[in-house]
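A.B. asks: Just run-v7.cif, nothing more (mmCIF, C-alpha atoms and all ligand atoms):
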```cif
data_run
#
loop_
_atom_site.label_atom_id
_atom_site.label_comp_id
_atom_site.auth_asym_id
_atom_site.auth_seq_id
_atom_site.Cartn_x
_atom_site.Cartn_y
_atom_site.Cartn_z
CA MET A 926 31.00 18.05 -16.69
CA LYS A 927 32.23 20.79 -14.36
CA LYS A 928 30.38 24.10 -14.68
CA GLU A 929 32.40 27.30 -15.22
CA VAL A 930 31.22 29.79 -12.61
CA VAL A 931 32.63 33.29 -13.10
CA VAL A 932 32.23 36.15 -10.61
CA LEU A 933 32.89 39.67 -11.91
CA GLY A 934 34.09 42.12 -9.25
CA GLY A 935 36.16 41.74 -6.10
CA GLY A 936 34.15 43.96 -3.75
CA PHE A 937 31.67 43.13 -0.99
CA ALA A 938 29.25 41.25 -3.24
CA GLY A 939 31.75 39.44 -5.48
CA VAL A 940 33.97 38.17 -2.68
CA GLU A 941 31.00 37.02 -0.59
CA ALA A 942 29.57 35.17 -3.60
CA ALA A 943 32.91 33.49 -4.38
CA ILE A 944 33.30 32.37 -0.75
CA LYS A 945 29.75 31.02 -0.56
CA LEU A 946 30.07 29.26 -3.94
CA ARG A 947 33.27 27.58 -2.76
CA LYS A 948 31.46 26.40 0.38
CA LYS A 949 29.10 24.54 -1.97
CA ASN A 950 32.13 23.14 -3.82
CA TYR A 951 31.78 24.94 -7.15
CA GLU A 952 34.88 25.75 -9.17
CA VAL A 953 34.95 29.58 -9.13
CA THR A 954 36.94 32.20 -10.98
CA LEU A 955 36.73 35.78 -9.73
CA ILE A 956 37.79 38.56 -12.10
CA SER A 957 38.56 42.02 -10.75
CA ASP A 958 40.34 45.08 -12.09
CA ARG A 959 42.12 45.65 -8.78
CA ASP A 960 43.97 43.08 -6.75
CA PHE A 961 42.37 43.97 -3.42
CA LEU A 962 38.99 44.28 -1.79
CA PHE A 963 38.57 47.83 -0.48
CA ILE A 964 36.69 48.04 2.82
CA TYR A 965 34.87 51.27 1.92
CA PRO A 966 32.95 51.74 5.20
CA VAL A 967 36.17 52.29 7.16
CA SER A 968 37.95 54.29 4.43
CA ILE A 969 36.41 57.49 5.88
CA TRP A 970 39.30 57.62 8.36
CA ILE A 971 42.08 57.60 5.73
CA PRO A 972 41.81 61.36 4.95
CA VAL A 973 42.07 62.31 8.63
CA GLY A 974 45.00 59.96 9.23
CA LYS A 975 43.17 57.57 11.57
CA ARG A 976 43.54 54.55 9.32
CA SER A 977 46.14 53.54 6.77
CA TYR A 978 45.33 52.88 3.14
CA GLU A 979 46.93 49.43 3.38
CA ASP A 980 44.83 48.44 6.42
CA THR A 981 41.70 49.24 4.43
CA GLN A 982 42.45 46.56 1.85
CA ILE A 983 42.30 42.77 1.78
CA LYS A 984 44.46 41.25 -0.92
CA LEU A 985 42.32 39.13 -3.26
CA SER A 986 45.21 36.67 -3.62
CA GLU A 987 45.05 36.02 0.15
CA LEU A 988 41.27 35.49 0.00
CA ALA A 989 41.66 33.25 -3.05
CA LYS A 990 44.25 31.12 -1.27
CA ILE A 991 42.16 30.68 1.88
CA HIS A 992 38.85 30.04 0.15
CA LYS A 993 40.38 28.25 -2.84
CA PHE A 994 38.92 30.22 -5.71
CA ASN A 995 40.79 31.30 -8.84
CA ILE A 996 41.57 34.94 -9.27
CA ILE A 997 42.26 36.88 -12.46
CA ILE A 998 43.19 40.55 -12.47
CA ASP A 999 41.78 42.08 -15.62
CA THR A 1000 39.49 44.95 -16.57
CA ILE A 1001 36.29 43.73 -18.19
CA THR A 1002 35.38 45.94 -21.13
CA LYS A 1003 32.43 44.12 -22.68
CA LEU A 1004 29.72 41.73 -21.55
CA GLU A 1005 28.61 39.40 -24.37
CA VAL A 1006 25.78 37.92 -22.38
CA ASN A 1007 24.11 36.28 -25.36
CA ASN A 1008 27.33 34.32 -26.06
CA ASN A 1009 28.14 33.45 -22.40
CA LYS A 1010 31.35 35.43 -22.75
CA VAL A 1011 32.99 38.50 -21.19
CA ILE A 1012 35.83 40.41 -22.78
CA GLY A 1013 38.71 41.83 -20.78
CA LEU A 1014 41.72 43.96 -21.64
CA ASN A 1015 44.00 40.91 -21.41
CA SER A 1016 41.76 38.07 -22.52
CA SER A 1017 38.20 36.89 -23.01
CA TYR A 1018 36.44 34.49 -20.65
CA THR A 1019 33.59 32.07 -21.16
CA TYR A 1020 31.22 30.92 -18.44
CA ASP A 1021 28.29 28.65 -17.77
CA TYR A 1022 27.07 30.83 -14.88
CA LEU A 1023 27.86 34.47 -14.25
CA PHE A 1024 27.61 36.51 -11.06
CA ILE A 1025 27.89 40.23 -11.84
CA ALA A 1026 29.16 42.28 -8.89
CA LEU A 1027 30.86 45.23 -10.55
CA GLY A 1028 29.56 48.00 -8.30
CA MET A 1029 28.27 51.30 -9.66
CA GLY A 1030 29.43 54.48 -11.37
CA LYS A 1031 28.70 58.10 -10.56
CA VAL A 1032 26.57 60.76 -12.23
CA LYS A 1033 28.84 63.20 -14.09
CA MET A 1034 28.37 66.91 -13.50
CA GLU A 1035 30.01 70.05 -14.84
CA GLY A 1036 33.27 70.82 -13.05
CA MET A 1037 33.48 67.47 -11.23
CA GLU A 1038 37.25 67.58 -11.78
CA TYR A 1039 37.38 70.26 -9.07
CA THR A 1040 35.77 67.94 -6.55
CA HIS A 1041 36.93 64.80 -4.77
CA SER A 1042 34.91 61.87 -3.54
CA ILE A 1043 35.45 59.43 -0.70
CA CYS A 1044 33.24 57.06 -2.70
CA GLY A 1045 35.37 57.06 -5.84
CA LYS A 1046 38.46 55.05 -6.63
CA PRO A 1047 40.24 53.93 -3.43
CA GLU A 1048 43.29 56.14 -4.22
CA GLU A 1049 41.06 59.21 -3.96
CA SER A 1050 41.08 58.87 -0.17
CA LEU A 1051 44.84 59.58 -0.22
CA ILE A 1052 44.39 62.64 -2.45
CA ILE A 1053 41.81 64.03 0.03
CA LYS A 1054 44.30 63.37 2.84
CA ASP A 1055 46.99 65.40 1.01
CA LEU A 1056 44.59 68.26 0.32
CA LEU A 1057 43.51 68.39 3.96
CA GLU A 1058 47.14 68.44 5.02
CA LYS A 1059 47.78 71.42 2.67
CA LEU A 1060 44.82 73.25 4.21
CA ARG A 1061 46.11 72.48 7.69
CA GLU A 1062 49.46 74.10 6.72
CA LYS A 1063 47.61 77.11 5.26
CA GLY A 1064 45.70 77.37 8.53
CA HIS A 1065 42.31 78.59 7.28
CA GLY A 1066 39.72 78.05 4.54
CA ASN A 1067 36.28 76.90 3.40
CA ILE A 1068 35.58 73.20 3.31
CA ASN A 1069 32.35 72.05 1.65
CA VAL A 1070 31.07 68.50 1.76
CA GLY A 1071 27.94 67.27 0.03
CA PHE A 1072 26.13 64.68 -1.99
CA GLY A 1073 23.68 64.53 -4.86
CA GLY A 1074 21.20 62.16 -6.46
CA ASN A 1075 20.53 60.72 -9.86
CA PRO A 1076 17.29 62.00 -11.45
CA LYS A 1077 17.10 58.78 -13.48
CA ASP A 1078 17.21 56.67 -10.33
CA ILE A 1079 13.62 57.23 -9.28
CA THR A 1080 13.92 54.82 -6.35
CA ALA A 1081 16.76 56.98 -4.90
CA THR A 1082 18.38 53.78 -3.65
CA ALA A 1083 21.72 54.83 -5.20
CA VAL A 1084 22.08 58.05 -3.18
CA ARG A 1085 25.11 57.74 -0.90
CA GLY A 1086 24.77 60.35 1.82
CA GLY A 1087 26.10 58.49 4.87
CA PRO A 1088 29.81 58.75 4.00
CA ALA A 1089 29.39 62.48 3.26
CA PHE A 1090 28.07 63.07 6.80
CA GLU A 1091 30.83 60.90 8.20
CA ILE A 1092 33.67 62.67 6.41
CA MET A 1093 32.29 66.11 7.31
CA PHE A 1094 32.05 65.34 11.05
CA ASN A 1095 35.43 63.59 11.02
CA ILE A 1096 37.04 66.64 9.42
CA SER A 1097 35.48 68.85 12.09
CA VAL A 1098 36.94 66.67 14.87
CA TRP A 1099 40.33 66.56 13.09
CA LEU A 1100 40.44 70.39 12.81
CA LYS A 1101 39.54 70.64 16.49
CA GLU A 1102 42.30 68.20 17.41
CA ASN A 1103 44.68 70.39 15.40
CA LYS A 1104 43.33 73.46 17.28
CA ILE A 1105 42.42 75.29 14.05
CA LYS A 1106 38.72 74.57 13.81
CA GLN A 1107 37.85 78.24 14.47
CA ASN A 1108 39.71 79.29 11.28
CA PHE A 1109 37.65 77.10 8.99
CA LYS A 1110 34.14 77.42 7.65
CA LEU A 1111 32.54 74.00 7.19
CA THR A 1112 29.41 73.70 5.07
CA PHE A 1113 27.32 70.66 4.27
CA PHE A 1114 25.46 71.05 0.96
CA ALA A 1115 22.89 68.99 -0.91
CA PRO A 1116 20.34 69.76 -3.65
CA MET A 1117 17.51 68.03 -1.77
CA ALA A 1118 15.61 69.94 0.89
CA GLU A 1119 15.91 67.18 3.49
CA PRO A 1120 19.16 65.25 3.04
CA GLY A 1121 19.37 62.17 5.24
CA LYS A 1122 15.61 61.62 5.29
CA ARG A 1123 16.07 58.06 4.00
CA MET A 1124 17.47 57.10 7.41
CA GLY A 1125 13.95 57.68 8.73
CA ASN A 1126 12.15 60.60 10.42
CA ARG A 1127 13.60 59.90 13.83
CA ALA A 1128 17.21 59.97 12.62
CA PHE A 1129 16.59 62.91 10.31
CA SER A 1130 15.09 65.03 13.08
CA LYS A 1131 18.34 64.69 15.07
CA MET A 1132 20.65 65.87 12.27
CA ASP A 1133 20.41 69.54 13.31
CA LEU A 1134 21.96 68.62 16.65
CA PHE A 1135 24.89 67.04 14.81
CA TYR A 1136 25.47 70.10 12.60
CA LYS A 1137 25.41 72.32 15.65
CA HIS A 1138 27.68 70.10 17.72
CA TYR A 1139 30.31 69.83 14.97
CA GLY A 1140 30.06 73.50 13.93
CA VAL A 1141 28.78 72.77 10.43
CA ASN A 1142 26.69 75.20 8.35
CA THR A 1143 24.08 73.80 6.00
CA HIS A 1144 23.09 74.71 2.47
CA PHE A 1145 20.15 72.62 1.26
CA GLY A 1146 17.45 72.59 -1.37
CA LYS A 1147 19.25 74.29 -4.26
CA LYS A 1148 20.28 72.42 -7.39
CA ILE A 1149 23.99 72.46 -8.17
CA LYS A 1150 24.79 74.11 -11.50
CA ARG A 1151 28.53 73.46 -11.61
CA PHE A 1152 31.71 73.23 -9.60
CA THR A 1153 34.64 75.55 -10.22
CA GLU A 1154 38.20 75.58 -8.91
CA ASP A 1155 37.19 77.68 -5.92
CA SER A 1156 33.40 77.55 -5.66
CA ILE A 1157 30.14 75.69 -6.00
CA VAL A 1158 27.61 77.47 -8.20
CA PHE A 1159 23.88 76.84 -7.62
CA GLU A 1160 20.86 77.08 -9.93
CA ASP A 1161 20.14 80.69 -8.88
CA ASN A 1162 23.80 81.62 -9.56
CA THR A 1163 24.57 82.02 -5.87
CA LYS A 1164 27.91 80.56 -4.82
CA LEU A 1165 29.68 78.88 -1.98
CA ASP A 1166 33.39 79.74 -1.82
CA SER A 1167 35.44 76.60 -1.60
CA ASP A 1168 39.04 75.70 -0.88
CA LEU A 1169 38.12 72.03 -0.82
CA THR A 1170 34.96 70.47 -2.25
CA LEU A 1171 34.18 66.88 -1.36
CA PHE A 1172 31.19 65.69 -3.32
CA ILE A 1173 29.56 62.29 -3.61
CA SER A 1174 27.60 62.31 -6.82
CA GLY A 1175 24.49 60.14 -7.24
CA GLY A 1176 25.09 56.51 -8.19
CA ASP A 1177 24.76 55.62 -11.85
CA GLY A 1178 24.90 52.42 -13.88
CA LEU A 1179 28.33 51.49 -15.24
CA SER A 1180 28.90 52.12 -18.96
CA ILE A 1181 29.78 48.43 -19.44
CA ILE A 1182 26.25 47.58 -18.22
CA LYS A 1183 24.57 50.33 -20.26
CA GLU A 1184 26.33 49.06 -23.40
CA SER A 1185 25.34 45.44 -22.78
CA ASP A 1186 22.18 43.48 -23.64
CA LEU A 1187 21.34 43.09 -19.96
CA PRO A 1188 17.89 44.34 -18.90
CA GLN A 1189 18.35 47.56 -16.99
CA ASN A 1190 16.40 50.40 -15.43
CA GLU A 1191 16.65 53.98 -16.62
CA ALA A 1192 19.72 54.65 -14.49
CA GLY A 1193 21.57 51.62 -15.91
CA PHE A 1194 21.24 49.22 -12.98
CA VAL A 1195 20.65 45.56 -13.85
CA MET A 1196 17.05 44.38 -13.47
CA ILE A 1197 16.82 41.31 -11.26
CA ASN A 1198 14.04 39.32 -9.63
CA GLU A 1199 13.77 38.78 -5.88
CA MET A 1200 16.07 35.76 -6.19
CA CYS A 1201 18.77 38.09 -7.60
CA ARG A 1202 18.60 36.40 -10.99
CA VAL A 1203 18.78 38.73 -13.96
CA GLU A 1204 15.41 39.09 -15.67
CA GLY A 1205 15.30 37.00 -18.85
CA PHE A 1206 18.48 35.02 -18.15
CA THR A 1207 18.61 31.68 -16.36
CA ASN A 1208 22.38 31.65 -15.83
CA ILE A 1209 23.17 35.22 -14.70
CA TYR A 1210 22.82 36.78 -11.26
CA ALA A 1211 23.49 40.45 -10.44
CA ILE A 1212 24.32 41.39 -6.85
CA GLY A 1213 25.35 44.45 -4.87
CA ASP A 1214 25.47 48.03 -6.12
CA VAL A 1215 25.29 46.97 -9.79
CA ALA A 1216 21.71 45.68 -9.41
CA ALA A 1217 18.46 47.67 -9.43
CA ILE A 1218 17.07 46.99 -5.97
CA ILE A 1219 13.43 47.09 -5.05
CA ASP A 1220 11.87 50.46 -4.28
CA HIS A 1221 11.20 50.51 -0.53
CA PRO A 1222 11.75 53.59 1.64
CA TRP A 1223 14.13 51.48 3.76
CA ALA A 1224 16.10 50.09 0.81
CA ALA A 1225 19.51 51.48 -0.15
CA LYS A 1226 22.60 50.15 -1.84
CA GLN A 1227 24.81 49.20 1.07
CA GLY A 1228 27.62 46.78 1.87
CA HIS A 1229 25.49 44.51 4.02
CA VAL A 1230 22.79 44.46 1.33
CA ALA A 1231 25.48 43.42 -1.19
CA GLU A 1232 26.39 40.51 1.09
CA VAL A 1233 22.74 39.51 1.60
CA MET A 1234 22.26 39.50 -2.17
CA ALA A 1235 25.37 37.35 -2.65
CA ASP A 1236 24.07 34.89 -0.07
CA VAL A 1237 20.60 34.78 -1.63
CA ALA A 1238 21.95 34.42 -5.19
CA VAL A 1239 24.25 31.52 -4.26
CA TYR A 1240 21.50 29.78 -2.28
CA ASN A 1241 19.06 29.97 -5.19
CA PHE A 1242 21.72 29.04 -7.76
CA HIS A 1243 22.70 25.97 -5.73
CA ASN A 1244 19.11 24.82 -5.24
CA VAL A 1245 18.55 25.05 -8.99
CA GLN A 1246 21.64 22.88 -9.54
CA ILE A 1247 20.58 20.20 -7.09
CA GLY A 1248 16.92 20.33 -8.13
CA LYS A 1249 15.59 21.60 -4.80
CA PRO A 1250 12.47 23.79 -5.20
CA LYS A 1251 13.13 26.07 -2.19
CA ARG A 1252 14.08 29.67 -3.04
CA MET A 1253 15.15 32.67 -0.98
CA SER A 1254 14.11 36.30 -1.54
CA TYR A 1255 16.41 39.24 -0.84
CA TRP A 1256 13.31 41.47 -0.46
CA GLU A 1257 12.52 39.84 2.86
CA ARG A 1258 16.01 40.49 4.21
CA LEU A 1259 16.25 44.16 3.24
CA HIS A 1260 16.82 46.73 5.95
CA LEU A 1261 18.78 49.93 6.24
CA VAL A 1262 21.43 49.86 8.91
CA CYS A 1263 24.23 52.32 9.41
CA VAL A 1264 26.75 53.19 12.09
CA MET A 1265 27.36 56.81 11.16
CA ASP A 1266 30.77 57.67 12.54
CA SER A 1267 31.49 61.25 13.56
CA GLY A 1268 35.14 61.02 14.56
CA ASP A 1269 34.58 61.05 18.32
CA GLY A 1270 31.39 58.99 18.46
CA ALA A 1271 28.72 57.55 16.20
CA ALA A 1272 25.00 57.15 15.76
CA PHE A 1273 23.44 53.79 15.09
CA THR A 1274 20.53 54.09 12.70
CA MET A 1275 18.26 51.33 11.55
CA ARG A 1276 15.21 51.31 9.36
CA THR A 1277 13.06 48.33 8.48
CA SER A 1278 9.47 47.92 7.31
CA LYS A 1279 8.43 47.88 10.98
CA LYS A 1280 10.70 50.26 12.87
CA GLU A 1281 13.04 53.24 12.80
CA LEU A 1282 15.84 53.66 15.29
CA LEU A 1283 18.52 56.20 16.08
CA ILE A 1284 20.79 55.48 19.02
CA PRO A 1285 23.49 58.06 19.75
CA MET A 1286 26.72 56.34 20.80
CA PRO A 1287 29.24 58.88 22.03
CA LEU A 1288 32.77 57.46 21.86
CA VAL A 1289 31.71 53.80 22.02
CA GLY A 1290 30.13 54.01 18.55
CA HIS A 1291 33.42 55.14 17.04
CA TRP A 1292 35.18 52.09 18.51
CA LEU A 1293 32.30 49.85 17.47
CA LYS A 1294 32.81 50.79 13.85
CA GLN A 1295 36.60 50.39 14.19
CA GLY A 1296 35.88 46.94 15.66
CA TRP A 1297 33.62 46.09 12.74
CA GLY A 1298 36.52 46.88 10.33
CA TRP A 1299 38.74 44.46 12.26
CA TYR A 1300 35.99 41.83 12.30
CA TYR A 1301 35.25 42.18 8.58
CA ARG A 1302 38.90 41.69 7.58
CA ASN A 1303 39.63 38.84 9.96
CA SER A 1304 36.41 36.92 9.39
CA LYS A 1305 36.91 37.11 5.61
CA LEU A 1306 40.47 35.83 6.06
CA GLY A 1307 39.14 32.94 8.13
CA ARG A 1308 40.96 34.11 11.30
CA PHE A 1309 37.75 34.79 13.20
CA PRO A 1310 34.42 32.92 12.97
CA ARG A 1311 31.64 34.58 11.01
CA ILE A 1312 28.80 35.89 13.15
CA PRO A 1313 25.56 34.88 11.36
CA GLY A 1314 23.98 37.88 9.64
CA MET A 1315 27.13 40.07 9.86
C1 LIG B 1 33.04 55.75 1.84
C2 LIG B 1 31.98 54.70 1.88
C3 LIG B 1 31.43 54.32 3.09
C4 LIG B 1 30.45 53.34 3.15
N1 LIG B 1 29.94 52.96 4.36
C5 LIG B 1 29.06 51.94 4.43
C6 LIG B 1 28.60 51.47 5.69
O1 LIG B 1 28.95 52.01 6.74
N2 LIG B 1 27.74 50.41 5.71
C7 LIG B 1 27.35 49.78 4.55
O2 LIG B 1 26.60 48.79 4.62
N3 LIG B 1 27.76 50.22 3.35
C8 LIG B 1 28.61 51.26 3.25
N4 LIG B 1 29.04 51.70 2.03
C9 LIG B 1 28.51 51.07 0.81
C10 LIG B 1 29.28 49.81 0.43
O3 LIG B 1 30.66 50.01 0.49
C11 LIG B 1 28.88 49.38 -0.96
O4 LIG B 1 27.48 49.22 -0.99
C12 LIG B 1 29.57 48.08 -1.34
O5 LIG B 1 30.95 48.33 -1.51
C13 LIG B 1 28.98 47.50 -2.60
O6 LIG B 1 29.65 46.32 -2.90
P1 LIG B 1 29.80 45.82 -4.41
O7 LIG B 1 30.58 44.56 -4.34
O8 LIG B 1 28.48 45.81 -5.06
O9 LIG B 1 30.65 46.96 -5.13
P2 LIG B 1 32.15 47.40 -4.87
O10 LIG B 1 32.54 47.23 -3.46
O11 LIG B 1 32.25 48.76 -5.47
O12 LIG B 1 32.99 46.39 -5.74
C14 LIG B 1 33.00 46.41 -7.15
C15 LIG B 1 34.15 45.55 -7.64
O13 LIG B 1 34.14 45.46 -9.07
C16 LIG B 1 35.43 45.76 -9.58
N5 LIG B 1 35.25 46.31 -10.94
C17 LIG B 1 34.56 47.41 -11.29
N6 LIG B 1 34.59 47.57 -12.62
C18 LIG B 1 35.31 46.53 -13.12
C19 LIG B 1 35.67 46.12 -14.45
N7 LIG B 1 35.31 46.81 -15.53
N8 LIG B 1 36.40 45.00 -14.58
C20 LIG B 1 36.77 44.25 -13.51
N9 LIG B 1 36.45 44.60 -12.24
C21 LIG B 1 35.72 45.72 -12.06
C22 LIG B 1 36.02 46.74 -8.58
O14 LIG B 1 37.42 46.76 -8.63
C23 LIG B 1 35.53 46.12 -7.27
O15 LIG B 1 36.37 45.05 -6.91
C24 LIG B 1 30.00 52.72 1.95
C25 LIG B 1 30.54 53.10 0.72
C26 LIG B 1 31.51 54.07 0.68
C27 LIG B 1 32.08 54.45 -0.66
#
```
Just give me the structure of the file as structure tokens.
C.D. replies:
Amino acid sequence: MKKEVVVLGGGFAGVEAAIKLRKKNYEVTLISDRDFLFIYPVSIWIPVGKRSYEDTQIKLSELAKIHKFNIIIDTITKLEVNNNKVIGLNSSYTYDYLFIALGMGKVKMEGMEYTHSICGKPEESLIIKDLLEKLREKGHGNINVGFGGNPKDITATAVRGGPAFEIMFNISVWLKENKIKQNFKLTFFAPMAEPGKRMGNRAFSKMDLFYKHYGVNTHFGKKIKRFTEDSIVFEDNTKLDSDLTLFISGGDGLSIIKESDLPQNEAGFVMINEMCRVEGFTNIYAIGDVAAIIDHPWAAKQGHVAEVMADVAVYNFHNVQIGKPKRMSYWERLHLVCVMDSGDGAAFTMRTSKKELLIPMPLVGHWLKQGWGWYYRNSKLGRFPRIPGM
């Protein structure tokens, strides 16, 4: 009898899992609440007009046609994991095997409605673009960009600082290109004393040079009390005036996970073993941002980690099916790698158990990341061969 394999989520992890499962000839149904995969790493250029919203998407229907998986657009509202069933707004779906790749939510804070995030819903990137355009017309103002953590996520693997740095430096370059940089005060803020430290000491020690080069003030080490329409208020009641606040809140488990019977850590991320199988379940895997990843200083929820986890989960799943004892561990393949774009260049940072690297890449780094966006789209659509490990 054919097994029903259902993948929840059409992002980095879900799509990679569906493609790899199809390569092993399983019948796969992918369910996603949006009909496209959003290539988040290159969405940082949408607000500054260097990339279109459409170019940052890959239609799931196109991927489904090429890789021959079934696609259903529906919002999943409940996971009935003890009944092998998930409930959606339009229908309910049964499965024999489930791959959960639903991504993560964000920590809610007072006054968040006055902030915007490049890591939120894809449409948010267009709202930020409009707000920047309004500020450009006004000709002056205070722009504050920052990120926070999740106190319940003790591993700090769900902190997403990279895109905050990227959007700040890109805005600086954009203002300069518009010849109005001198009329704007740019401030990078974060509650931690040393934001960016996860990239490693070497990379962190160079951040001051970046702030200086891009004319960015810093405001670190003070907890955020709330956001208002025109300010950020800190724990000691001091304020930063703000005409535009871009804030990436700490990652949090999705409510659908928190309300389920899945094992989860305090922050609501699904507990898995090193084979990416959910603890206590033999037929469920959790991959990508939704999963609680192991606590290593060089571990962070990232797109390439999501793909590694998809690869590992499918490999282990398949070997179970065919009765092969070999298993793969995602722990061994974890590393932190980031091309941090700054609008007119980039810095390549890498952190593994053995080494830490920061390589400044003026100009060429910017084009390298643009090239990666092209590669990602075209390799997923089968127009360009996959480079192993990328
Ligand atoms: C601005 C930005 C820049 C980044 N830059 C980098 C980078 O340079 N390098 C890097 O490695 N990583 C980067 N990342 C991180 C990377 O994008 C994420 O780690 C990756 O997207 C995680 O993949 P995922 O599949 O787990 O989750 P997602 O990509 O978030 O996908 C989740 C999927 O689940 C679907 N979904 C959610 N809820 C439901 C529901 N209830 N019902 C049905 N479907 C649902 C969503 O529509 C989506 O399709 C960046 C992230 C952002 C936001």
A.B. asks: Please return as a ChimeraX atom specification the residues found within 6 Å of ligand LIG 1 (chain B), counting all atoms listed in the file.
C.D. replies: /A:934-939,956-959,962,965-966,968-969,999-1002,1026-1028,1043-1044,1088,1213-1215,1226-1229,1231,1263-1264
A.B. asks: Using all atoms listed in the file, pick whichever of A:Ser1185, A:Asn1095, A:Asn1303, A:Asn1198 has the shortest atom-to-atom distance to Ile991 in chain A.
C.D. replies: A:Asn1303
A.B. asks: Identify, on the basis of only C-alpha atoms, every residue whose closest approach to Asn1067 in chain A does not exceed 12 Å; exclude the query and any residue fewer than 2 positions from it along the same chain; express the result as a ChimeraX atom specification.
C.D. replies: /A:1057,1060-1061,1063-1065,1069-1070,1096-1097,1106-1113,1141-1142,1155-1157,1165-1171
A.B. asks: What is the distance between CA of Glu1005 in chain A and CA of Gly1030 in chain A, in Å to one decimal?
C.D. replies: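 The value is 19.9 Å.
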A.B. asks: Taking the point (42.8, 65.0, 5.4) as given in the file, collect each protein or nucleic acid residue that comes within 9 Å of it, counting only C-alpha atoms, and present the set as a PyMOL selection string.
C.D. replies: chain A and resi 970-974+1050-1061+1096+1099
A.B. asks: Tell me which of A:Phe1273, A:Phe1072, A:Phe1194, A:Phe1094 sits closest to Ile1173 in chain A, counting all atoms listed in the file.
C.D. replies: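 Using all atoms listed in the file, Ile1173 in chain A sits closest to A:Phe1072.
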A.B. asks: Atoms are missing here; could range 1137-1148 of chain A be completed with N, CA, C and O atoms and written as a compact mmCIF listing (two decimals), in the frame of the given file?
C.D. replies:
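That gives us result.txt:
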```txt
# COMPACT_ATOMS: atom_id res chain seq x y z
N LYS A 1137 25.09 71.32 14.63
CA LYS A 1137 25.41 72.32 15.65
C LYS A 1137 26.64 71.87 16.45
O LYS A 1137 27.59 72.63 16.64
N HIS A 1138 26.60 70.62 16.88
CA HIS A 1138 27.68 70.10 17.72
C HIS A 1138 29.03 70.17 17.01
O HIS A 1138 30.06 70.47 17.62
N TYR A 1139 29.03 69.87 15.70
CA TYR A 1139 30.31 69.83 14.97
C TYR A 1139 30.60 71.15 14.24
O TYR A 1139 31.53 71.21 13.44
N GLY A 1140 29.80 72.18 14.51
CA GLY A 1140 30.06 73.50 13.93
C GLY A 1140 29.98 73.50 12.41
O GLY A 1140 30.86 74.04 11.73
N VAL A 1141 28.93 72.90 11.88
CA VAL A 1141 28.78 72.77 10.43
C VAL A 1141 27.58 73.59 9.96
O VAL A 1141 26.47 73.43 10.49
N ASN A 1142 27.81 74.47 8.96
CA ASN A 1142 26.69 75.20 8.35
C ASN A 1142 26.00 74.29 7.34
O ASN A 1142 26.61 73.32 6.87
N THR A 1143 24.77 74.64 6.99
CA THR A 1143 24.08 73.80 6.00
C THR A 1143 23.59 74.65 4.83
O THR A 1143 23.29 75.85 4.98
N HIS A 1144 23.54 74.04 3.68
CA HIS A 1144 23.09 74.71 2.47
C HIS A 1144 22.30 73.69 1.66
O HIS A 1144 22.87 72.89 0.91
N PHE A 1145 20.98 73.68 1.85
CA PHE A 1145 20.15 72.62 1.26
C PHE A 1145 19.10 73.17 0.31
O PHE A 1145 18.70 74.33 0.41
N GLY A 1146 18.64 72.29 -0.56
CA GLY A 1146 17.45 72.59 -1.37
C GLY A 1146 17.70 73.38 -2.63
O GLY A 1146 16.75 73.82 -3.27
N LYS A 1147 18.98 73.57 -3.00
CA LYS A 1147 19.25 74.29 -4.26
C LYS A 1147 20.04 73.39 -5.18
O LYS A 1147 21.08 72.83 -4.77
N LYS A 1148 19.59 73.28 -6.42
CA LYS A 1148 20.28 72.42 -7.39
C LYS A 1148 21.69 72.96 -7.66
O LYS A 1148 21.89 74.18 -7.71
```
